[in-house]
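Working notes, beginning with the structure itself.
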Amino acid sequence: MVTPTGAIGAHALARRLGAWRPTGPRPLYLALADGLRVLLLDGRVPVGTAVPSERALADALEVSRTTVAGAYAVLRDGGHLQSRQGARSVLVLPVDVPAEPFDNGSEADRHRLNIAAPSAPDQVVHEAYRYALDAAPAYLTGPGVYPQGLRGLAETVARRYVDRGLPTRPEQILVTAGAQHGLRVVLDTLVAAGERVVVESPTYSGTLQAISRARARAVALPLDAEHGWDLDHLESILRLQRPRLVCLIVDFHNPTGLLLDIAGRIRLGELSARYGVPIVIDETLVELGLDRDAPPPVASFAPPGAQIITLGSTSKTVWSGLRVGWIRTATPPDAFAVARYDLGVSGAVMDQLAAAYALERLGEFLPDRLASLRTSRAVAREAIDDALPGATTIPGVGGLCLWVRLPRPAATATAAAAADLGVRLTPGSGFTVVGGLDRFIRIPYTLPVVELRAAVDLVGQAYRRVVGDAGTSSRAGSEVPDGLATRLVV
C-alpha cells in the first residue's frame, strides 16, 4: 500500500474535475473514473493523494454513492487507486507505467499531443556539439563550474537583445537550465510561501507547476481571444490584491498563440512602476512568429522604477533537448545568481557552448523552421475541421499550438478517451488556475504532418465517443451567442 503524501477534500476534488459529466449515453461512473484518471495523469492531483470517501465525494458532486463506488472500482481495476481497510484510498500510477513516460515500448506508439516542442534542426545541433567538443579544451584545466554561465553565451544573448532594441550587457544575463528553471530561480528569490503571483488564464502548465512548488498562490488574469490581455483587470488585481509577482507570456502565448501589442507592453511597464511589482516576461516563443514578428521586448518600454525580468530559452527555437536558458534583468542579477547556485551550482559547459553556437546561427535554420510550422499549422487546422465539426480555433499568430474550442464542454473526458486510443492530450483545465475551460483542448502542430492528421482524427473519435455524433454538428457549435464563442474564460 502506498503511503499517502497528502489528501484532497471532496469539494476541492469536485472543483478540479470541472465539467466531467457526459452529455451522451456514456455511464456516469465511467465518465467520473475518466475524469479522476486524467487529473492524476495531468499532475493536477499528485500521485499518492488520498481521495475523499465515497459518501463525501458523492455529496460534493451531487451523485449517488453507487456512482462514486463504481468509479473507484474502475480506477482500482486499472491500477490507479489503492485501497486498504480502515484507510483512505490513494491515487497511484500502474506499476508498469513510469511517472515520466519514456519514448520507448508502448509510449513510442503514442501520439504526443501533450508536448509542444519541435524536433531538432539536425545539422545545426550536430555542428553545435562538434563546436563544443573543439572549444572544450580551453575549459578543461579549470573546475568546469560557472555559476552565472559562460561569458561567451552571455555575450551572444546580450547581442540578441541589442538587435531587438533592448540595450543589454553580458553582466545583465544569468544563464539557467531553461526558462522553467529560470522561473523557479525568480520565484525562489522573490516570492514567499502564500504570496500571490498573477498568471494568465489559460497559461503554460509549467508556469502553474512552478508557482505551486513555490507554495505561492496563483491569481488568474483572464485572457480573451478577441481582446487579448485585459490590463485594466490586471491593474485592479494589482491595486486590490497586491501580488508579489506577475508572470506573463506575451509573445505567441502558450497555448493561444496571441501576441501583445506595443501599447500593451508600454502599459505593463507603467503598471510595474506604479505598483512596485516585478513582472516576469517569458520570451521562450519570441522567435516563432508565423504571421508577424514580435514587437521589441517589454523591458525596452520600461519607465524608471519598473521591474521587468525577462526569461529566454533555446528549448522552442532550437531544441528542447538543449536545456539552456537565461534571465535578463535591468541590473546585474546578483540575488538571482545566489538562488541559481542553490538550485543547481552551474550549467553544463558543453550545452552552453552548443547553445551559443546555435543562437549565433539562428538565421541559417529559423526561416525553414517557420515555413515548416506554417505548413503544419495549416494541416492541423484542416484536420480539426474534418475531425471536430463545430470546433473553432483561436486566431493566434505564432507559437507551436492551436487553442481549440470544442462544441461541448467535454475536454477532460475527451482527453481520457483519447488516451485509450493512443493519444496523449491535455484538456483546457490543465492550463488554468481555477479549473474550468472544459470546452478547450490544446493541439500542438509539432508532430510530422502525417502523424498529426492521424492524431487529430483520433481526438475527433474520442470526442464523439464521449458526446455522441450529435456533439460534433455545426449546430452544437452554436450553443452560445457568436460574441461569446471565442472567449477563453468560460
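Labels used: A, B, ... for chains in the order of the C-alpha cells, numbers from 1 for residues in each chain, and numbers from 1 for ligands as shown.
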
Using DSSP assignments from the backbone, pull out every residue in region 6-251 of chain A that falls under strand (DSSP E or B) and give it to me as a PyMOL selection string. chain A and resi 6-7+49-50+81-84+87-91+111-112+173-176+196-201+217-224+228-229+245-248

Shell around Gly9 (chain A) at 9 Å using only C-alpha atoms, local window under 6 positions removed, as a list in words: Ala50, Val51, Pro52, Ala56 and Leu57 of chain A

How about saving the chosen residues, N, CA and C atoms kept, as a PDB file, in the first residue's frame?
ATOM      1  N   ALA A  50      -4.563  11.016  -1.112  1.00  0.00           N
ATOM      2  CA  ALA A  50      -5.705  10.273  -0.567  1.00  0.00           C
ATOM      3  C   ALA A  50      -6.997  10.950  -1.012  1.00  0.00           C
ATOM      4  N   VAL A  51      -7.901  10.161  -1.584  1.00  0.00           N
ATOM      5  CA  VAL A  51      -9.149  10.709  -2.114  1.00  0.00           C
ATOM      6  C   VAL A  51     -10.237  10.702  -1.044  1.00  0.00           C
ATOM      7  N   PRO A  52     -11.290  11.481  -1.241  1.00  0.00           N
ATOM      8  CA  PRO A  52     -12.377  11.517  -0.259  1.00  0.00           C
ATOM      9  C   PRO A  52     -13.117  10.175  -0.191  1.00  0.00           C
ATOM     10  N   ALA A  56     -18.603  11.269   0.854  1.00  0.00           N
ATOM     11  CA  ALA A  56     -18.246  12.688   0.798  1.00  0.00           C
ATOM     12  C   ALA A  56     -18.178  13.183  -0.643  1.00  0.00           C
ATOM     13  N   LEU A  57     -17.559  12.392  -1.525  1.00  0.00           N
ATOM     14  CA  LEU A  57     -17.453  12.822  -2.916  1.00  0.00           C
ATOM     15  C   LEU A  57     -18.816  12.799  -3.597  1.00  0.00           C
TER      16      LEU A  57
END

Closest of A:Leu234, A:Ala225, A:Val45, A:Ile115 to Val198 (chain A), counting only C-alpha atoms, is A:Leu234

Determine, counting only C-alpha atoms, which protein, DNA and RNA residues have an atom within 6 Å of an atom of region 149-155 of chain A; residues of the same chain fewer than 3 positions away are not included. Present the result as JSON, numbers by chain. {"A": [146, 158, 170, 173, 175, 356]}

Report task. Extract the full set of helix (DSSP H, G or I) residues from region 324-401 of chain A according to DSSP on the backbone, and format it as a VMD selection string. Result -> chain A and resid 334 to 344 349 to 360 362 to 387

Shortest contact to Ala455 (chain A), candidates A:Leu388, A:Ala214, A:Leu402, A:Leu113, atoms counted only C-alpha atoms, goes to A:Leu113

With only C-alpha atoms as the counted atoms, please give the residues lying no more than 9 Å from region 391-400 of chain A, apart from itself and same-chain residues fewer than 2 positions off, as a ChimeraX atom specification. /A:116-118,225-226,251-259,285-293,316,373-374,377,381,384-385,388-389,402-408,443-446,472,474,477,485-486,488

Would you save the residues from that selection as an mmCIF file, in the first residue's frame, using C-alpha atoms?
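Writing done, so here's part-v5.cif:
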data_model
loop_
_atom_site.group_PDB
_atom_site.id
_atom_site.type_symbol
_atom_site.label_atom_id
_atom_site.label_comp_id
_atom_site.auth_asym_id
_atom_site.auth_seq_id
_atom_site.Cartn_x
_atom_site.Cartn_y
_atom_site.Cartn_z
ATOM 1 C CA ALA A 116 4.525 21.346 -27.891
ATOM 2 C CA ALA A 117 8.157 21.046 -28.915
ATOM 3 C CA PRO A 118 9.754 20.841 -32.358
ATOM 4 C CA ALA A 225 -9.381 35.588 -27.673
ATOM 5 C CA GLU A 226 -10.710 38.795 -29.234
ATOM 6 C CA ASP A 251 4.953 36.620 -27.364
ATOM 7 C CA PHE A 252 2.904 33.949 -29.208
ATOM 8 C CA HIS A 253 1.340 32.916 -25.933
ATOM 9 C CA ASN A 254 1.168 29.260 -24.950
ATOM 10 C CA PRO A 255 -1.481 27.895 -25.512
ATOM 11 C CA THR A 256 -3.346 30.585 -27.549
ATOM 12 C CA GLY A 257 -0.658 31.948 -29.898
ATOM 13 C CA LEU A 258 -1.712 35.541 -29.122
ATOM 14 C CA LEU A 259 0.704 38.500 -29.241
ATOM 15 C CA LEU A 285 8.481 31.587 -28.053
ATOM 16 C CA VAL A 286 9.505 35.065 -29.180
ATOM 17 C CA GLU A 287 11.285 33.890 -32.361
ATOM 18 C CA LEU A 288 8.288 31.851 -33.576
ATOM 19 C CA GLY A 289 6.166 34.473 -35.292
ATOM 20 C CA LEU A 290 4.278 32.803 -38.127
ATOM 21 C CA ASP A 291 2.065 35.689 -39.275
ATOM 22 C CA ARG A 292 4.044 38.627 -37.869
ATOM 23 C CA ASP A 293 7.165 39.333 -35.865
ATOM 24 C CA LYS A 316 11.453 26.004 -28.583
ATOM 25 C CA LEU A 373 5.480 25.282 -38.797
ATOM 26 C CA ARG A 374 3.164 27.310 -41.052
ATOM 27 C CA ARG A 377 -0.434 24.654 -38.605
ATOM 28 C CA ARG A 381 -6.497 23.419 -38.815
ATOM 29 C CA ILE A 384 -9.536 19.835 -36.815
ATOM 30 C CA ASP A 385 -12.217 20.996 -39.257
ATOM 31 C CA LEU A 388 -14.215 18.054 -34.995
ATOM 32 C CA PRO A 389 -17.015 19.803 -36.941
ATOM 33 C CA LEU A 402 -3.679 25.814 -31.532
ATOM 34 C CA TRP A 403 -6.178 26.540 -28.772
ATOM 35 C CA VAL A 404 -9.351 24.749 -29.827
ATOM 36 C CA ARG A 405 -12.860 25.367 -28.543
ATOM 37 C CA LEU A 406 -14.990 22.223 -28.612
ATOM 38 C CA PRO A 407 -18.723 22.364 -29.378
ATOM 39 C CA ARG A 408 -19.444 20.970 -25.916
ATOM 40 C CA ILE A 443 -3.350 20.883 -30.290
ATOM 41 C CA PRO A 444 0.391 21.335 -30.940
ATOM 42 C CA TYR A 445 1.430 21.229 -34.582
ATOM 43 C CA THR A 446 4.944 19.940 -33.963
ATOM 44 C CA THR A 472 -19.929 17.372 -33.486
ATOM 45 C CA SER A 474 -22.244 22.669 -36.553
ATOM 46 C CA GLY A 477 -21.010 24.577 -32.000
ATOM 47 C CA ALA A 485 -17.962 31.847 -28.927
ATOM 48 C CA THR A 486 -14.299 32.860 -28.876
ATOM 49 C CA LEU A 488 -11.266 31.784 -23.440
#

If you take only C-alpha atoms and a cut-off of 10 Å, which residues of region 140-189 of chain A touch region 298-309 of chain A, and what are their nearest atom pairs and distances in Å to one decimal, in chain and number order, as CSV?
residue,atom,partner,partner_atom,distance
A:Tyr161,CA,A:Ser300,CA,9.4
A:Val162,CA,A:Ser300,CA,9.9
A:Arg164,CA,A:Ser300,CA,9.0
A:Gly165,CA,A:Ser300,CA,6.7
A:Leu166,CA,A:Ser300,CA,5.1
A:Pro167,CA,A:Ser300,CA,7.9
A:Thr168,CA,A:Ser300,CA,9.9
A:Leu183,CA,A:Ile309,CA,9.7
A:Val186,CA,A:Ile309,CA,8.7

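Omitting region 121-137 of chain A and its sequence neighbours fewer than 6 positions away, and counting only C-alpha atoms, the residues within 8 Å are A:Val318, A:Trp319, A:Val349, A:Met350, A:Asp351, A:Leu353, A:Ala354, A:Ala355, A:Tyr357, A:Ala358, A:Phe365.
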
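Rounded to one decimal, CA of Leu248 (chain A) and CA of Leu39 (chain A) lie 24.6 Å from each other.
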
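Minimum distance to Gln172 (chain A) across A:Pro22, A:Gly276, A:Pro332, A:Pro367 (counting only C-alpha atoms) occurs at A:Pro332.
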
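The shortest atom-to-atom distance to Phe440 (chain A), with only C-alpha atoms taken into account, belongs to A:Thr412 out of A:Thr141, A:Thr23, A:Gln461, A:Thr412.
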
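Note that the spacing between CA of Pro147 (chain A) and CA of Thr176 (chain A) amounts to 9.0 Å.
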
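Nearest residue to Thr207 (chain A), choosing from A:Gly182, A:Pro222, A:Gly363, A:Pro27 and counting only C-alpha atoms: A:Gly182.
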